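To keep things clear, I will list the structure first and then write my remarks on it.
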Amino acid sequence: MNRAMLVARHEYFTNIRRGGFLFAAFGVPLITVGLMVIVFALTFQNEMDSTRVGRVGYVDQSGILAQAIDQPESFERYETEAAAEGALTATEGIGAYFVLPPNYLETGRVRLISNGDTPDALNDEIDTFLLANLGGDLEPEVAVRIKDPVNTAVLTLDNGRVIADNAVIGVFLAPLIFVMVFLLASQTTSGYLMSGVVEEKSNRIMEILVTSITPFQLLFGKIIGLGLLGLTQLTIWVLMGYITLRLGQNSEFLSGISIPPDLLIVGLIYFLLGYFFLASLMAGIGAVVGSEQESRQLAGLFSFGLAVPFFAIVQFFTAPDSFIVTFLTLFPLTSPVAVILRMGFGVIPTWQLITSMVLLLLTALFVTWASARIFRWSLLMYGKRPNLRQTVSAIFRSSGMETTATEERTA
Amino acid sequence: MPERVAISVEHISKSYGNFRAVNDLSFEVYSGEILAMLGPNGAGKSTTIRMILDILKPDSGKISVLGAPINDESKNRIGYLPEERGLYRGVPVLEMMVYLATLKGLSQADAKQRAMRYLEQVDLAEHAKKKVSELSKGMQQKVQFGVTILHEPELIIIDEPFSGLDPVNTRLIEGLIRDLKARGGAIVMSTHQMYQVEEMADRLLMINRGEQKLYGKVDEVRSRYALPAVNVEGRGDWASISGVERVEVSENGRPSALLYLKPNVQPDQVLGEIARRDDIHIQRFELAVPSLNDIFIQVVASDKDKPRE
């Protein structure tokens, strides 16, 4: 087997057993999904269940409900407010009552009196009841239209994708979730890469490794192995997300979330390119810095760069053609997140998508090449921390680079 | 059997900036021998080793390893034990040994079998599943040595192989090194333990300030530094021997003396005279050879005042 693949396999299987990885892969989504389910369950139960109020009384002082039609079963008419109030305070009485004052038609005001808070569903029920009675004299079709005046078909502009009524929140949520997943997966794995390099360098196992394989094989193997680890993590999350969606199909909110296939494909491309870029960057940093703590600080800086488009999220909604959004779409560090956000929210011109991908790919290739050189060269620095000038010159100045017999022949 | 050259180093030099770490160094290492590499800290030993292993490139000169400039294939036939130990601390012992051995070209199954056999041999089998960080320093050293020889290399370069080992484990590792030598392996051993060199090494190379100071068979080097004197143990009037200039008598349990010889007098002439005379009896007669330790200190001290290039 190719040596780089041996490294990849070792990195994959060593890191997949880490407590940190298992937690990130299973714990984080489980906790997130669990919390979501609990929050939604509570909210829905609260808002969608009008029966928890019990029976609802009403007092009609306006005369609109004199010959009430379509009265819900749980509703009960009282002639005076005093009677309704009495029923409200009685032990086995009603849970709430509403009053239509004499000037209701002019003002539209309705007073709702209850013992506690009332669910949204009760308001909807009252609305429907009043609408039915207000439109009582109209043609049936008109009455129906009054009840349901708009039938929306939301189309996003770029691809004519139709969004179901209840999915409007979902389509905006999908890219956000995707971005979070991308950030977490690429950061954990490239973080492992960096701390691995720092460990190998500081405890000199590097010297044993480079007497077995070339630094480039080592770096390449690590990027592949940990990249596969990141994909594993991503797959676990997508599967768990899918299961959650299936389970939550009855819930109006969750069933609206779907990840469209084109977003998935572009997302995957950007995940791979973005990871490739980040991983080689981290390997380069790991090769230069002396301690794990130091490397974390620098890594944090780059991770922050990845997340920058989040701070401009309002621009993505309101001014997708602005300079800042275009810049974030094209700039290699910010493009993975920016592109996914734009895919989700609306239009991204094809030229921008292609330019952005090419730029990211070229940058990733350059960074990998530069990191391999830094990686190779930093092996020679024993106990010394190279400064920025030395690091830069190691990348570009071929005479400053210490190639060895093995490398010269493979070059 | 003609000796095969495992390492050939020809006139290599290496500078770090203005600092000349290695200066025009040449030597060879043969199969089936142990070459001790000696020198004070900072003498250029590690730089030399790293150049042999292709971690560093010499500024000038030529190195050939196992018959050719080092390449991916010959790397598989080399074992290296670095001075600062390199092990994955968080990985189980067996797994790490297998991984590093597969990087040397062994198959997974073969590597596992050999690693298990080695761990049993050095009494670490019960620790195979433990993480390296849970082992004592001596155990880690044995694991490290195992990593060096698991793929049965034809050449091993070992830097301070006995550090952190108790006498029993030192003997164990010594045995493994001798086994390798007996199978025709070439061994380069860098160490500060002079008695190990006297006991184990066939030849030695001493470097100071990046330059070769001593190079040759251990016995020859020592006799080169022999005093014009002999150690004797026995009874008699030592001063009456004709070739003897001066006598230093020492009384440490048995009567013995250090006899300094007159210029141009050979030790065997003195021995001949003793044999002929009836009034002198000896139990021991040997050249007054200084220990390697003494030679080492002498060489380093004589270099001390010279300006460095």
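In the structure tokens, chains take letters A, B, ... by order of appearance, with residues numbered from 1 within each chain and ligands from 1 in the order shown.
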Exercise for the section: Apply DSSP to the backbone of this structure and, from range 205-269 of chain B, keep only the residues in helix (DSSP H, G or I); write these as a list in words. Expected result: Val218, Asp219, Glu220, Val221, Arg222, Ser223, Arg224, Trp238, Ala239, Ser240, Pro267, Asp268 and Gln269 of chain B
Exercise for the section: May I have the residues of chain B within 8 Å of chain A, counting only C-alpha atoms, written as number ranges by chain? Expected result: B: 53-57, 69-72, 75-76, 80-82, 84-88, 91, 99-100, 102-104
Practice task
Find the residues around Lys262 in chain B up to 7 Å (only C-alpha atoms counted), leave out those fewer than 3 positions away in its own chain, and share them as a ChimeraX atom specification.
Solution key: /B:243-245,265
Exercise for the section: Determine, counting only C-alpha atoms, which protein, DNA and RNA residues have an atom within 9 Å of an atom of range 326-329 of chain A; residues of the same chain fewer than 5 positions away are not included. Present the result as a list in words. Expected result: Val308, Pro309, Pro320, Asp321, Thr334, Ser335, Pro336, Val337, Ala338, Val339, Arg342, Gln352, Leu353 and Ser356 of chain A
Problem - 12 Å contact set for Val188 in chain B, only C-alpha atoms, chain neighbours under 2 positions out, as a ChimeraX atom specification - result: /B:6-7,27-38,45-46,48-49,52-53,78-82,154-161,177,180-181,185-186,190-191,197,200-205
Problem - Contact residues around Tyr225 in chain B with only C-alpha atoms at 8 Å, ignoring same-chain residues under 5 positions, as an MDAnalysis selection string - result: chainID B and resid 289:290 295
Problem - Contacts of Ala279 in chain A at 7 Å (only C-alpha atoms; same-chain gap of 5+ positions) as an MDAnalysis selection string - result: chainID A and resid 190 193 223
Take the residues that were just selected and, keeping C-alpha atoms, output them as a tab-separated table (two decimals), in the first residue's frame.
chain	number	residue	atom	x	y	z
A	190	SER	CA	-8.09	20.38	10.70
A	193	LEU	CA	-4.21	17.75	11.89
A	223	ILE	CA	-4.86	15.60	4.86
Handout entry: DSSP-assigned strand (DSSP E) members of range 185-229 of chain B, reported as a ChimeraX atom specification
Key = /B:186-190,203-208,211-217,229
Problem - Proximity to Glu95 in chain B - best of B:Val147, B:Thr170, B:Met139, B:Asp123, only C-alpha atoms - result: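 Checking each candidate against Glu95 in chain B, we get B:Val147 as the closest.
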Practice task
Could you check how far CA of Val5 in chain B sits from CA of Val65 in chain B, in Å to one decimal?
Solution key: 8.4 Å
Problem - Which residue of A:Gly20, A:Gly241, A:Gly63, A:Gly305 approaches Leu130 in chain A most closely, using only C-alpha atoms - result: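 Checking each of A:Gly20, A:Gly241, A:Gly63, A:Gly305 against Leu130 in chain A, counting only C-alpha atoms, the winner is A:Gly63.
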Exercise for the section: Go through B:Lys129, B:Arg89, B:Lys14, B:Arg77 one by one, measure the shortest atom-to-atom distance of each to Ser60 in chain B using only C-alpha atoms, and give the residue with the smallest value. Expected result: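 That would be B:Lys14, the residue with the smallest distance to Ser60 in chain B.
Closest approach to Ser250 in chain B among B:Glu233, B:Asp278, B:Glu83, B:Glu286 is made by B:Glu233 (distances from only C-alpha atoms).
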